[in-house]
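Undergrad: Enclosed is the structure file model32.cif (mmCIF, C-alpha atoms and all ligand atoms).
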```
data_coords
loop_
_atom_site.label_atom_id
_atom_site.label_comp_id
_atom_site.auth_asym_id
_atom_site.auth_seq_id
_atom_site.Cartn_x
_atom_site.Cartn_y
_atom_site.Cartn_z
CA MET A 1 -31.98 -1.72 21.81
CA ASP A 2 -28.66 -1.84 23.59
CA PRO A 3 -26.24 0.14 21.39
CA ILE A 4 -23.34 -1.76 22.92
CA ARG A 5 -24.65 -4.97 21.36
CA ASN A 6 -25.30 -3.32 17.99
CA PRO A 7 -23.72 -5.79 15.54
CA TYR A 8 -23.69 -3.72 12.35
CA ALA A 9 -20.52 -2.26 10.88
CA PRO A 10 -20.88 0.64 8.44
CA GLY A 11 -17.50 1.95 7.32
CA ALA A 12 -15.00 1.50 4.49
CA GLY A 13 -13.30 -1.87 4.83
CA GLN A 14 -15.20 -2.70 8.06
CA ARG A 15 -15.69 -6.42 8.33
CA PRO A 16 -19.43 -7.09 8.23
CA PRO A 17 -20.88 -9.33 10.93
CA GLU A 18 -22.21 -11.55 8.13
CA LEU A 19 -20.57 -11.55 4.70
CA ALA A 20 -23.74 -12.13 2.71
CA GLY A 21 -24.01 -13.22 -0.90
CA ARG A 22 -20.35 -13.83 -1.65
CA ASP A 23 -20.20 -17.64 -1.42
CA ARG A 24 -19.51 -18.08 -5.10
CA GLU A 25 -16.44 -15.86 -5.05
CA LEU A 26 -15.13 -17.60 -1.93
CA GLU A 27 -15.66 -21.05 -3.42
CA GLN A 28 -14.08 -20.08 -6.69
CA PHE A 29 -11.05 -18.67 -4.92
CA ALA A 30 -10.66 -21.76 -2.73
CA ILE A 31 -10.40 -23.79 -5.95
CA THR A 32 -7.92 -21.30 -7.39
CA LEU A 33 -5.72 -21.66 -4.32
CA GLU A 34 -5.70 -25.46 -4.52
CA ARG A 35 -4.96 -25.42 -8.23
CA VAL A 36 -2.16 -22.89 -7.96
CA ALA A 37 -0.56 -24.70 -5.00
CA GLY A 38 -0.70 -27.86 -7.13
CA ARG A 39 1.05 -25.84 -9.86
CA ARG A 40 -1.81 -26.21 -12.27
CA PRO A 41 -2.62 -23.42 -14.72
CA GLU A 42 -5.22 -21.10 -13.27
CA ARG A 43 -6.45 -17.56 -13.69
CA SER A 44 -6.41 -15.16 -10.83
CA LEU A 45 -9.36 -13.03 -9.77
CA VAL A 46 -10.30 -9.39 -10.29
CA LEU A 47 -13.23 -7.84 -8.44
CA SER A 48 -14.87 -4.68 -9.71
CA GLY A 49 -17.77 -2.54 -8.57
CA LEU A 50 -18.94 0.79 -7.22
CA ARG A 51 -17.87 2.13 -3.83
CA GLY A 52 -19.52 0.55 -0.84
CA VAL A 53 -20.45 -2.76 -2.47
CA GLY A 54 -17.92 -4.70 -0.39
CA LYS A 55 -14.84 -5.18 -2.57
CA THR A 56 -12.36 -4.47 0.19
CA VAL A 57 -14.00 -6.76 2.73
CA LEU A 58 -14.28 -9.50 0.12
CA LEU A 59 -10.61 -9.07 -0.74
CA ASN A 60 -9.82 -9.43 2.97
CA ALA A 61 -11.99 -12.55 3.19
CA LEU A 62 -10.13 -14.05 0.22
CA ARG A 63 -6.87 -13.26 1.95
CA SER A 64 -8.11 -15.13 5.02
CA LEU A 65 -8.69 -18.19 2.85
CA ALA A 66 -5.08 -18.02 1.70
CA VAL A 67 -3.83 -17.51 5.26
CA GLN A 68 -5.84 -20.53 6.45
CA ARG A 69 -3.99 -22.60 3.86
CA ALA A 70 -0.66 -21.34 5.20
CA TRP A 71 0.07 -19.31 2.09
CA GLY A 72 2.34 -16.29 2.13
CA THR A 73 0.16 -13.21 1.67
CA GLY A 74 0.48 -9.47 1.36
CA LYS A 75 -1.80 -6.61 0.48
CA LEU A 76 -1.41 -3.15 -0.97
CA GLU A 77 -3.63 -0.24 -1.85
CA ALA A 78 -2.69 1.49 -5.08
CA ARG A 79 -2.66 5.29 -5.14
CA PRO A 80 -2.76 7.65 -8.08
CA ASP A 81 0.64 9.21 -8.74
CA GLN A 82 2.50 6.59 -6.76
CA SER A 83 4.60 3.78 -8.16
CA VAL A 84 3.59 0.30 -7.05
CA ARG A 85 7.20 -0.72 -6.52
CA ILE A 86 7.42 0.03 -2.79
CA PRO A 87 3.87 -1.14 -1.94
CA VAL A 88 4.49 -4.40 -3.84
CA ALA A 89 7.80 -4.85 -2.03
CA GLN A 90 6.04 -4.36 1.31
CA ALA A 91 3.39 -6.91 0.41
CA LEU A 92 5.98 -9.43 -0.77
CA TYR A 93 8.06 -8.92 2.33
CA ALA A 94 5.00 -9.69 4.45
CA ALA A 95 4.59 -12.90 2.45
CA VAL A 96 8.27 -13.81 2.93
CA ARG A 97 7.85 -13.34 6.67
CA ASP A 98 4.77 -15.59 6.70
CA LEU A 99 6.67 -18.28 4.86
CA GLY A 100 9.90 -17.78 6.79
CA ARG A 101 8.27 -18.78 10.04
CA ARG A 102 7.68 -22.26 8.69
CA HIS A 103 10.58 -22.69 6.33
CA ARG A 104 13.45 -24.95 7.50
CA ASP A 105 16.16 -23.46 5.30
CA GLU A 106 17.04 -20.00 6.56
CA ASP A 107 19.34 -19.34 3.65
CA ARG A 108 16.50 -19.74 1.17
CA VAL A 109 14.37 -17.32 3.18
CA ASP A 110 17.19 -14.79 3.34
CA ALA A 111 17.80 -15.14 -0.39
CA ALA A 112 14.16 -14.30 -1.14
CA ALA A 113 14.24 -11.37 1.32
CA ALA A 114 17.42 -10.14 -0.37
CA VAL A 115 15.69 -10.00 -3.75
CA VAL A 116 12.70 -8.16 -2.25
CA LYS A 117 15.18 -5.70 -0.79
CA ALA A 118 16.97 -5.21 -4.10
CA PHE A 119 13.60 -4.71 -5.75
CA ALA A 120 12.56 -2.08 -3.17
CA LEU A 121 15.86 -0.22 -3.30
CA ARG A 122 15.62 0.16 -7.07
CA THR A 123 12.89 2.80 -6.59
CA PRO A 124 13.62 5.66 -8.98
CA MET A 125 14.55 8.95 -7.29
CA ALA A 126 11.41 10.58 -8.61
CA ASP A 127 9.18 8.10 -6.77
CA ARG A 128 10.96 8.39 -3.47
CA LYS A 129 9.16 11.45 -2.10
CA GLY A 130 8.75 10.40 1.49
CA HIS A 131 8.80 6.82 0.40
CA ARG A 132 12.19 5.32 1.06
CA TRP A 133 11.08 2.07 2.57
CA GLN A 134 13.20 -1.05 2.53
CA PRO A 135 12.58 -4.39 4.21
CA PRO A 136 13.59 -4.18 7.87
CA THR A 137 16.14 -6.99 7.64
CA ASP A 138 19.92 -7.22 8.01
CA VAL A 139 20.12 -9.35 4.89
CA LEU A 140 22.10 -7.59 2.18
CA ALA A 141 20.23 -6.69 -0.99
CA ALA A 142 20.72 -9.18 -3.80
CA ARG A 143 22.52 -8.03 -6.93
CA GLY A 144 21.29 -8.66 -10.43
CA ARG A 145 17.83 -9.87 -9.41
CA GLY A 146 14.77 -7.61 -9.27
CA ASP A 147 16.93 -4.52 -9.55
CA SER A 148 17.23 -3.73 -13.26
CA GLY A 149 14.94 -0.73 -13.04
CA ASP A 150 12.61 -2.25 -15.61
CA LEU A 151 9.45 -2.84 -13.60
CA GLU A 152 8.17 -5.70 -15.75
CA LEU A 153 11.40 -7.65 -15.52
CA ASP A 154 11.92 -6.85 -11.85
CA LEU A 155 8.39 -7.87 -10.92
CA SER A 156 8.74 -11.14 -12.81
CA GLU A 157 11.97 -11.96 -10.96
CA VAL A 158 10.85 -11.01 -7.49
CA PHE A 159 7.47 -12.76 -7.96
CA CYS A 160 9.17 -15.96 -9.11
CA ASP A 161 11.70 -16.01 -6.27
CA VAL A 162 9.11 -15.45 -3.56
CA ALA A 163 6.81 -18.00 -5.21
CA GLU A 164 9.59 -20.59 -5.18
CA LEU A 165 10.02 -20.07 -1.46
CA ALA A 166 6.32 -20.89 -1.05
CA ALA A 167 6.64 -23.85 -3.39
CA ASP A 168 9.21 -25.36 -1.01
CA LEU A 169 6.36 -25.59 1.50
CA GLY A 170 3.78 -26.85 -1.00
CA VAL A 171 1.85 -23.58 -0.85
CA GLY A 172 1.77 -20.34 -2.85
CA VAL A 173 1.85 -16.58 -2.54
CA ALA A 174 -1.16 -14.30 -2.93
CA VAL A 175 -0.76 -10.57 -3.42
CA PHE A 176 -3.94 -8.54 -2.96
CA VAL A 177 -4.21 -5.17 -4.71
CA ASP A 178 -7.01 -2.83 -3.65
CA GLU A 179 -7.96 0.29 -5.66
CA MET A 180 -6.18 -1.35 -8.59
CA GLN A 181 -7.63 1.20 -11.04
CA ASP A 182 -5.25 3.76 -9.53
CA ILE A 183 -2.17 2.01 -10.95
CA ASN A 184 -0.98 4.01 -13.96
CA ALA A 185 -1.22 2.46 -17.42
CA ASP A 186 2.49 1.64 -17.79
CA GLU A 187 2.75 -0.05 -14.43
CA LEU A 188 -0.52 -1.92 -14.91
CA SER A 189 0.87 -3.26 -18.13
CA ALA A 190 4.10 -4.31 -16.37
CA LEU A 191 2.11 -6.01 -13.63
CA CYS A 192 0.02 -7.97 -16.16
CA ALA A 193 3.15 -8.99 -18.03
CA ALA A 194 4.76 -10.20 -14.80
CA CYS A 195 1.63 -12.21 -13.90
CA HIS A 196 1.72 -13.71 -17.37
CA GLU A 197 5.38 -14.65 -16.98
CA VAL A 198 4.83 -16.15 -13.54
CA SER A 199 1.96 -18.29 -14.74
CA GLN A 200 3.94 -19.46 -17.76
CA GLN A 201 6.68 -20.61 -15.42
CA GLY A 202 4.10 -22.36 -13.28
CA ALA A 203 5.27 -20.43 -10.22
CA PRO A 204 2.61 -20.48 -7.49
CA LEU A 205 1.78 -16.79 -7.17
CA VAL A 206 -1.49 -15.00 -7.77
CA VAL A 207 -2.31 -11.32 -7.88
CA VAL A 208 -5.88 -10.64 -6.79
CA GLY A 209 -7.22 -7.22 -7.68
CA ALA A 210 -10.16 -5.06 -6.67
CA GLY A 211 -11.23 -1.75 -8.10
CA LEU A 212 -13.87 0.46 -9.65
CA PRO A 213 -16.10 -0.77 -12.49
CA HIS A 214 -13.74 0.38 -15.24
CA LEU A 215 -10.86 -1.76 -13.92
CA PRO A 216 -11.48 -4.65 -16.37
CA THR A 217 -11.44 -2.18 -19.27
CA ALA A 218 -8.23 -0.62 -17.98
CA LEU A 219 -6.61 -4.06 -17.72
CA ALA A 220 -7.71 -5.04 -21.21
CA ALA A 221 -6.30 -1.79 -22.58
CA SER A 222 -2.96 -2.39 -20.88
CA LYS A 223 -2.43 -5.92 -22.23
CA SER A 224 -4.48 -7.75 -24.81
CA TYR A 225 -4.12 -11.03 -22.92
CA ALA A 226 -5.33 -9.55 -19.61
CA GLU A 227 -8.69 -11.11 -20.39
CA ARG A 228 -7.15 -14.56 -20.07
CA LEU A 229 -5.13 -13.76 -16.95
CA PHE A 230 -8.07 -13.14 -14.64
CA HIS A 231 -11.55 -14.27 -13.79
CA TYR A 232 -13.56 -11.06 -13.61
CA ARG A 233 -16.27 -10.81 -10.98
CA VAL A 234 -18.57 -7.84 -10.63
CA VAL A 235 -19.31 -7.15 -6.97
CA ASP A 236 -22.72 -5.58 -6.74
CA ARG A 237 -25.75 -4.82 -4.60
CA LEU A 238 -27.16 -7.76 -2.70
CA PRO A 239 -30.40 -9.36 -3.85
CA ARG A 240 -33.26 -9.11 -1.37
CA LEU A 241 -32.64 -12.50 0.24
CA GLU A 242 -28.97 -11.80 0.85
CA ALA A 243 -29.60 -8.27 2.13
CA ASP A 244 -32.06 -9.80 4.61
CA ARG A 245 -29.45 -12.33 5.69
CA ALA A 246 -26.93 -9.53 6.24
CA LEU A 247 -29.42 -7.98 8.69
CA LEU A 248 -31.01 -11.09 10.22
CA ILE A 249 -28.06 -13.30 11.00
CA PRO A 250 -26.12 -10.81 13.14
CA ALA A 251 -29.36 -9.83 14.90
CA SER A 252 -30.29 -13.42 15.64
CA THR A 253 -27.04 -14.00 17.53
CA GLU A 254 -28.32 -11.25 19.83
CA ARG A 255 -31.79 -12.87 19.86
CA VAL A 256 -33.34 -10.05 17.89
CA GLY A 257 -35.69 -10.43 14.91
CA TYR A 258 -37.32 -8.22 12.28
CA ASP A 259 -40.88 -7.83 11.06
CA GLU A 260 -41.29 -8.66 7.39
CA CYS A 261 -42.39 -5.11 6.52
CA ALA A 262 -39.38 -3.68 8.34
CA LEU A 263 -37.11 -5.77 6.10
CA GLU A 264 -39.05 -4.72 3.04
CA GLU A 265 -38.74 -1.03 3.84
CA LEU A 266 -35.03 -1.40 4.63
CA TYR A 267 -34.47 -3.00 1.26
CA ARG A 268 -36.39 -0.26 -0.46
CA MET A 269 -34.15 2.35 1.13
CA THR A 270 -30.80 0.59 0.86
CA ASP A 271 -31.34 -0.89 -2.60
CA GLY A 272 -29.25 -3.77 -1.30
CA TYR A 273 -26.02 -1.75 -1.32
CA PRO A 274 -23.94 -3.33 1.46
CA TYR A 275 -22.73 -0.03 2.90
CA PHE A 276 -26.30 1.21 3.19
CA VAL A 277 -27.47 -2.10 4.64
CA GLN A 278 -24.97 -1.67 7.48
CA ALA A 279 -25.70 2.04 7.91
CA TYR A 280 -29.49 1.64 8.08
CA GLY A 281 -29.21 -1.55 10.12
CA LYS A 282 -27.08 0.23 12.68
CA VAL A 283 -29.37 3.21 13.32
CA THR A 284 -32.52 1.12 13.15
CA TRP A 285 -31.17 -1.12 15.89
CA ASP A 286 -30.48 1.87 18.10
CA ALA A 287 -33.95 3.31 17.44
CA ALA A 288 -35.84 0.10 18.23
CA ALA A 289 -37.10 -0.47 21.77
CA ASP A 290 -37.38 -4.27 21.54
CA SER A 291 -37.42 -7.27 19.28
CA PRO A 292 -38.79 -7.67 16.68
CA ILE A 293 -37.67 -4.53 14.91
CA THR A 294 -40.72 -2.95 13.23
CA LEU A 295 -41.54 -0.75 10.27
CA ALA A 296 -42.06 2.14 12.69
CA ASP A 297 -38.49 1.72 13.97
CA VAL A 298 -37.18 1.81 10.41
CA VAL A 299 -39.16 4.94 9.58
CA GLU A 300 -38.00 6.64 12.75
CA ALA A 301 -34.35 5.79 12.10
CA ALA A 302 -34.22 6.62 8.39
CA PRO A 303 -33.51 10.37 8.74
CA VAL A 304 -30.65 9.58 11.14
CA ALA A 305 -29.17 7.12 8.64
CA GLU A 306 -29.51 9.68 5.85
CA ALA A 307 -27.83 12.33 7.97
CA ASP A 308 -24.97 9.95 8.87
CA LEU A 309 -24.45 9.02 5.24
CA GLY A 310 -24.69 12.68 4.23
CA VAL A 311 -21.73 13.44 6.46
CA GLY A 312 -19.62 10.30 6.20
CA PHE A 313 -20.27 8.51 2.96
CA PHE A 314 -21.34 11.35 0.65
CA GLY A 315 -20.30 14.56 2.39
CA SER A 316 -16.69 13.62 3.00
CA ARG A 317 -16.33 12.92 -0.71
CA PHE A 318 -18.08 16.07 -1.86
CA GLU A 319 -15.82 18.15 0.39
CA ARG A 320 -12.76 16.86 -1.41
CA ALA A 321 -13.87 18.49 -4.66
CA THR A 322 -12.96 21.99 -5.83
CA PRO A 323 -15.75 24.48 -6.69
CA ALA A 324 -15.36 23.73 -10.43
CA GLU A 325 -15.51 19.99 -9.73
CA ARG A 326 -18.64 20.49 -7.62
CA ASP A 327 -20.38 22.26 -10.49
CA TYR A 328 -19.40 19.37 -12.71
CA MET A 329 -20.83 16.86 -10.23
CA ARG A 330 -24.09 18.78 -9.88
CA ALA A 331 -24.47 18.67 -13.64
CA ILE A 332 -23.89 14.90 -13.66
CA ALA A 333 -26.45 14.55 -10.86
CA ASP A 334 -29.10 16.53 -12.77
CA LEU A 335 -28.51 14.85 -16.12
CA GLY A 336 -28.15 11.40 -14.58
CA ALA A 337 -31.56 11.61 -12.93
CA ASP A 338 -33.15 10.38 -16.14
CA THR A 339 -30.75 7.57 -16.98
CA ASP A 340 -30.75 4.00 -15.74
CA ASP A 341 -27.39 3.86 -14.06
CA GLY A 342 -26.70 7.59 -13.75
CA SER A 343 -24.11 7.65 -16.53
CA VAL A 344 -24.04 10.79 -18.65
CA LEU A 345 -22.26 12.09 -21.73
CA THR A 346 -19.46 14.57 -21.06
CA ALA A 347 -20.74 16.55 -24.05
CA ASP A 348 -24.10 16.92 -22.29
CA VAL A 349 -22.36 18.09 -19.10
CA ALA A 350 -20.55 20.76 -21.12
CA ARG A 351 -23.80 21.84 -22.76
CA ALA A 352 -25.59 22.02 -19.41
CA LEU A 353 -22.81 24.17 -17.96
CA GLY A 354 -22.62 26.30 -21.13
CA ARG A 355 -18.92 25.51 -21.56
CA LYS A 356 -16.60 24.04 -24.16
CA PRO A 357 -15.92 20.36 -23.41
CA SER A 358 -12.14 20.91 -23.49
CA SER A 359 -12.35 23.61 -20.82
CA LEU A 360 -13.96 21.08 -18.47
CA SER A 361 -11.26 18.42 -18.80
CA PRO A 362 -9.41 19.56 -15.65
CA ALA A 363 -12.58 19.23 -13.56
CA ARG A 364 -13.38 15.82 -15.02
CA ASP A 365 -9.81 14.56 -14.63
CA GLY A 366 -9.67 15.89 -11.07
CA LEU A 367 -12.85 14.01 -10.17
CA ILE A 368 -11.53 10.82 -11.73
CA LYS A 369 -8.26 11.15 -9.83
CA LYS A 370 -10.14 11.73 -6.58
CA GLY A 371 -12.13 8.58 -7.28
CA LEU A 372 -15.51 10.34 -7.36
CA VAL A 373 -16.27 9.71 -11.00
CA PHE A 374 -15.17 7.11 -13.51
CA ALA A 375 -15.20 6.78 -17.28
CA GLU A 376 -15.80 3.28 -18.56
CA GLU A 377 -16.06 4.46 -22.14
CA ARG A 378 -14.77 7.56 -23.83
CA GLY A 379 -17.10 10.49 -23.44
CA VAL A 380 -19.21 8.97 -20.66
CA VAL A 381 -18.93 9.63 -16.93
CA ARG A 382 -20.62 8.19 -13.89
CA PHE A 383 -20.41 8.52 -10.11
CA THR A 384 -18.38 5.86 -8.31
CA VAL A 385 -20.70 6.12 -5.32
CA PRO A 386 -24.22 4.67 -5.48
CA HIS A 387 -27.06 7.15 -4.88
CA PHE A 388 -24.60 10.04 -5.13
CA GLY A 389 -26.64 11.83 -7.77
CA ARG A 390 -29.74 11.49 -5.63
CA PHE A 391 -27.83 12.86 -2.63
CA LEU A 392 -26.66 15.92 -4.58
CA ARG A 393 -30.14 16.56 -5.94
CA THR A 394 -31.66 16.57 -2.44
CA GLN A 395 -28.91 18.93 -1.26
CA ARG A 396 -30.16 21.53 -3.71
CA ASP A 397 -33.83 21.45 -2.78
N1 LIG A 401 -21.34 -9.13 1.62
C1 LIG A 401 -21.63 -8.20 2.55
N2 LIG A 401 -22.63 -8.40 3.43
C2 LIG A 401 -22.90 -7.45 4.36
N3 LIG A 401 -22.23 -6.30 4.49
C3 LIG A 401 -21.22 -6.05 3.65
C4 LIG A 401 -20.88 -6.99 2.64
N4 LIG A 401 -19.85 -6.49 1.94
C5 LIG A 401 -19.56 -5.30 2.48
N5 LIG A 401 -20.36 -5.02 3.51
C6 LIG A 401 -20.32 -3.76 4.30
O1 LIG A 401 -20.35 -2.70 3.35
C7 LIG A 401 -19.46 -1.65 3.71
C8 LIG A 401 -18.52 -1.33 2.58
O2 LIG A 401 -17.61 -2.39 2.35
P1 LIG A 401 -16.22 -2.14 1.57
O3 LIG A 401 -15.55 -3.44 1.46
O4 LIG A 401 -15.47 -1.02 2.22
O5 LIG A 401 -16.74 -1.67 0.14
P2 LIG A 401 -15.89 -1.20 -1.13
O6 LIG A 401 -14.47 -1.62 -0.90
O7 LIG A 401 -16.53 -1.87 -2.29
O8 LIG A 401 -16.05 0.29 -1.18
C9 LIG A 401 -18.82 -2.08 5.03
O9 LIG A 401 -19.50 -1.46 6.09
C10 LIG A 401 -19.03 -3.58 5.06
O10 LIG A 401 -19.15 -4.06 6.39
MG MG A 402 -12.73 -0.48 -0.87
#
```
Please go through the file and, once you have read it, give me the structure as structure tokens.
TA:
Amino acid sequence: MDPIRNPYAPGAGQRPPELAGRDRELEQFAITLERVAGRRPERSLVLSGLRGVGKTVLLNALRSLAVQRAWGTGKLEARPDQSVRIPVAQALYAAVRDLGRRHRDEDRVDAAAAVVKAFALRTPMADRKGHRWQPPTDVLAARGRGDSGDLELDLSEVFCDVAELAADLGVGVAVFVDEMQDINADELSALCAACHEVSQQGAPLVVVGAGLPHLPTALAASKSYAERLFHYRVVDRLPRLEADRALLIPASTERVGYDECALEELYRMTDGYPYFVQAYGKVTWDAAADSPITLADVVEAAPVAEADLGVGFFGSRFERATPAERDYMRAIADLGADTDDGSVLTADVARALGRKPSSLSPARDGLIKKGLVFAEERGVVRFTVPHFGRFLRTQRD
């Protein structure tokens, strides 16, 4: 079929043609927005799940809901080894700009921008490596607000001031944090404390997070009350009906259908993982001669999809690992073959590699930092990428 009309969108953060199976999260968040704008107590939202399940695109869809309601919004992606101060300042400045376009009192807008600037400029020397951003505004930085150097206090102040600017307009501020698990423990704790403070003051600001499956555990470890700050939603593979919708709806706008057994085989291969649904949908479309798409088309396209994923989704990640880390991953792949979710004990990895567990810590930590592996509990590791173990096992044969 015409590749130009191919509707599918495999790729990190690529907006899917149909966001299937996420109505509950969208509805819940719409309620959150109304409640927060009405200054009622409400928890924010944290999304967690493996790579490729659609956290980033859901976060973007939630942001659209806030934008539709004329909220001030901003988004950041946390990185290991980087303070959140500058990225948060950039997100808040974006929100101030959103609000400033509608606000009647320029002085109030400038005052909020000045606090964001003071907050950004307080970046410790050590964190500045190539990161000396400040809001591109002539407004002078405020003094004595958001600039103490204590991240918890500074976040609380800058959040409250930007939230008050939104409150003038009867709306709120939403800050979206992707890859939230990459915020270090101290800063995560400061961020939770600031959210707690903001909600106690009834200031209309929410922080919406997304990250790997261990994010809720990391939040709970950073502050005991984190459990009560957020609604936790696990983003996961799509059930059969929703995976079908993700394929059928975009196709139907191009007047293309699928045979039932084609859909069944696609589900068998993708397991309902959104990234795989898009990847297999895309190549199957290109392989098919006409509508409806048949089982034969799916079978013909499958090796192409596997090859694409082997390069893009799996391969690019494997390449990032050092030789020692690759050995570690192969051991996880072999041991994980027999477990339900692919999680394995680090002690078993050490045994399989004939090494002392302590000597493998650098490899394990490196893989965690690179986002290839995560540890939800002590002594257990698992791939962040679905089907990664299977991919590595086929590489060996
Ligand atoms: N609900 C969904 N329905 C259909 N496709 C989706 C859905 N969510 C995500 N996708 C697709 O899955 C892929 C991965 O999405 P992404 O948000 O980058 O995942 P994550 O952030 O969890 O790694 C993208 O190609 C996206 O278009
Ligand atoms: Mg993502």
Undergrad: One decimal, in Å: what's the spacing between atom CA of A:Phe388 and atom O4 of ligand LIG 401 (chain A)?
TA: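 One can read the atom CA of A:Phe388 to atom O4 of ligand LIG 401 (chain A) distance as 16.1 Å.
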Undergrad: When the cut-off is 7 Å and you count only C-alpha atoms and all ligand atoms, which residues lie near ligand LIG 401 (chain A), shown as number ranges by chain?
TA: A: 9-16, 18-22, 49-58, 246, 274-275, 277-278
Undergrad: What does the structure give for the distance between atom CA of A:Lys369 and atom CA of A:Gly315, in Å to one decimal?
TA: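 So the two atoms, atom CA of A:Lys369 and atom CA of A:Gly315, lie 17.5 Å apart.
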Undergrad: Can you tell me, as number ranges by chain, which residues sit within 12 Å of (1.2, -2.0, -12.6) in the file's frame, using only C-alpha atoms?
TA: A: 76-88, 150-152, 154-156, 177, 179-195, 207, 209, 218-219, 222-223
Undergrad: Store the residues of this selection in a file with C-alpha atoms, as a compact mmCIF listing (two decimals), in the coordinates of the input.
TA:
```txt
# COMPACT_ATOMS: atom_id res chain seq x y z
CA LEU A 76 -1.41 -3.15 -0.97
CA GLU A 77 -3.63 -0.24 -1.85
CA ALA A 78 -2.69 1.49 -5.08
CA ARG A 79 -2.66 5.29 -5.14
CA PRO A 80 -2.76 7.65 -8.08
CA ASP A 81 0.64 9.21 -8.74
CA GLN A 82 2.50 6.59 -6.76
CA SER A 83 4.60 3.78 -8.16
CA VAL A 84 3.59 0.30 -7.05
CA ARG A 85 7.20 -0.72 -6.52
CA ILE A 86 7.42 0.03 -2.79
CA PRO A 87 3.87 -1.14 -1.94
CA VAL A 88 4.49 -4.40 -3.84
CA ASP A 150 12.61 -2.25 -15.61
CA LEU A 151 9.45 -2.84 -13.60
CA GLU A 152 8.17 -5.70 -15.75
CA ASP A 154 11.92 -6.85 -11.85
CA LEU A 155 8.39 -7.87 -10.92
CA SER A 156 8.74 -11.14 -12.81
CA VAL A 177 -4.21 -5.17 -4.71
CA GLU A 179 -7.96 0.29 -5.66
CA MET A 180 -6.18 -1.35 -8.59
CA GLN A 181 -7.63 1.20 -11.04
CA ASP A 182 -5.25 3.76 -9.53
CA ILE A 183 -2.17 2.01 -10.95
CA ASN A 184 -0.98 4.01 -13.96
CA ALA A 185 -1.22 2.46 -17.42
CA ASP A 186 2.49 1.64 -17.79
CA GLU A 187 2.75 -0.05 -14.43
CA LEU A 188 -0.52 -1.92 -14.91
CA SER A 189 0.87 -3.26 -18.13
CA ALA A 190 4.10 -4.31 -16.37
CA LEU A 191 2.11 -6.01 -13.63
CA CYS A 192 0.02 -7.97 -16.16
CA ALA A 193 3.15 -8.99 -18.03
CA ALA A 194 4.76 -10.20 -14.80
CA CYS A 195 1.63 -12.21 -13.90
CA VAL A 207 -2.31 -11.32 -7.88
CA GLY A 209 -7.22 -7.22 -7.68
CA ALA A 218 -8.23 -0.62 -17.98
CA LEU A 219 -6.61 -4.06 -17.72
CA SER A 222 -2.96 -2.39 -20.88
CA LYS A 223 -2.43 -5.92 -22.23
```
Undergrad: Is there a way to get, as a ChimeraX atom specification, all residues within 10 Å of the point (-21.5, 20.6, -11.3) in file coordinates, counting all atoms listed in the file?
TA: /A:323-334,349-350,352-353,363,392
Undergrad: Give me the box for stretch 3-10 of chain A as JSON, namely the centre and edge lengths in Å to one decimal of a box along x, y and z that holds every listed atom plus 6 Å on each side.
TA:
```
{"center_x": -23.4, "center_y": -2.6, "center_z": 15.7, "size_x": 17.7, "size_y": 18.4, "size_z": 26.5}
```
Undergrad: To one decimal place in Å, what is the distance between atom CA of A:Ser252 and atom CA of A:Gln68?
TA: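 Computed distance, atom CA of A:Ser252 to atom CA of A:Gln68, equals 27.1 Å.
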Undergrad: Which residue out of A:Leu212, A:Ala113, A:Gly379, A:Arg5 has the minimum interatomic distance to ligand MG 402 (chain A) when only C-alpha atoms and all ligand atoms are used?
TA: A:Leu212
Undergrad: Mind checking which residues fall within 7 Å of A:Pro17, counting all atoms listed in the file, ignoring those fewer than 3 positions away in the same chain, and posting them as an NGL selection string?
TA: :A and (7-8 or 250)
Undergrad: Write the residues you've just listed into a file as a CSV table (one decimal), keeping the file's coordinate frame, and include C-alpha atoms for each of them.
TA:
```
chain,number,residue,atom,x,y,z
A,7,PRO,CA,-23.7,-5.8,15.5
A,8,TYR,CA,-23.7,-3.7,12.4
A,250,PRO,CA,-26.1,-10.8,13.1
```
Undergrad: Between A:Val139, A:Pro386, A:Arg320, A:Thr339, which one has atoms that come closest to A:Asp107, using all atoms listed in the file?
TA: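 The closest residue to A:Asp107 is A:Val139.
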Undergrad: Compile the contact shell of A:Ser148 as an NGL selection string: residues with an atom at most 12 Å away, counting only C-alpha atoms, same-chain residues fewer than 4 positions apart removed.
TA: :A and (115 or 118-124 or 142-144 or 152-158)
Undergrad: With a distance cut-off of 9 Å and only C-alpha atoms, select the neighbouring residues of A:Ala337, excluding the residue or stretch itself and same-chain residues fewer than 6 positions from it, and output the selection as an MDAnalysis selection string.
TA: chainID A and resid 389:390 393
Undergrad: Got a sec: who's within 10 Å of A:Arg317, counting only C-alpha atoms, leaving out chain neighbours fewer than 5 positions off, as a list in words?
TA: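 The filter keeps Gly310, Val311, Gly312, Lys370, Gly371, Leu372, Val385 and Phe388 of chain A.
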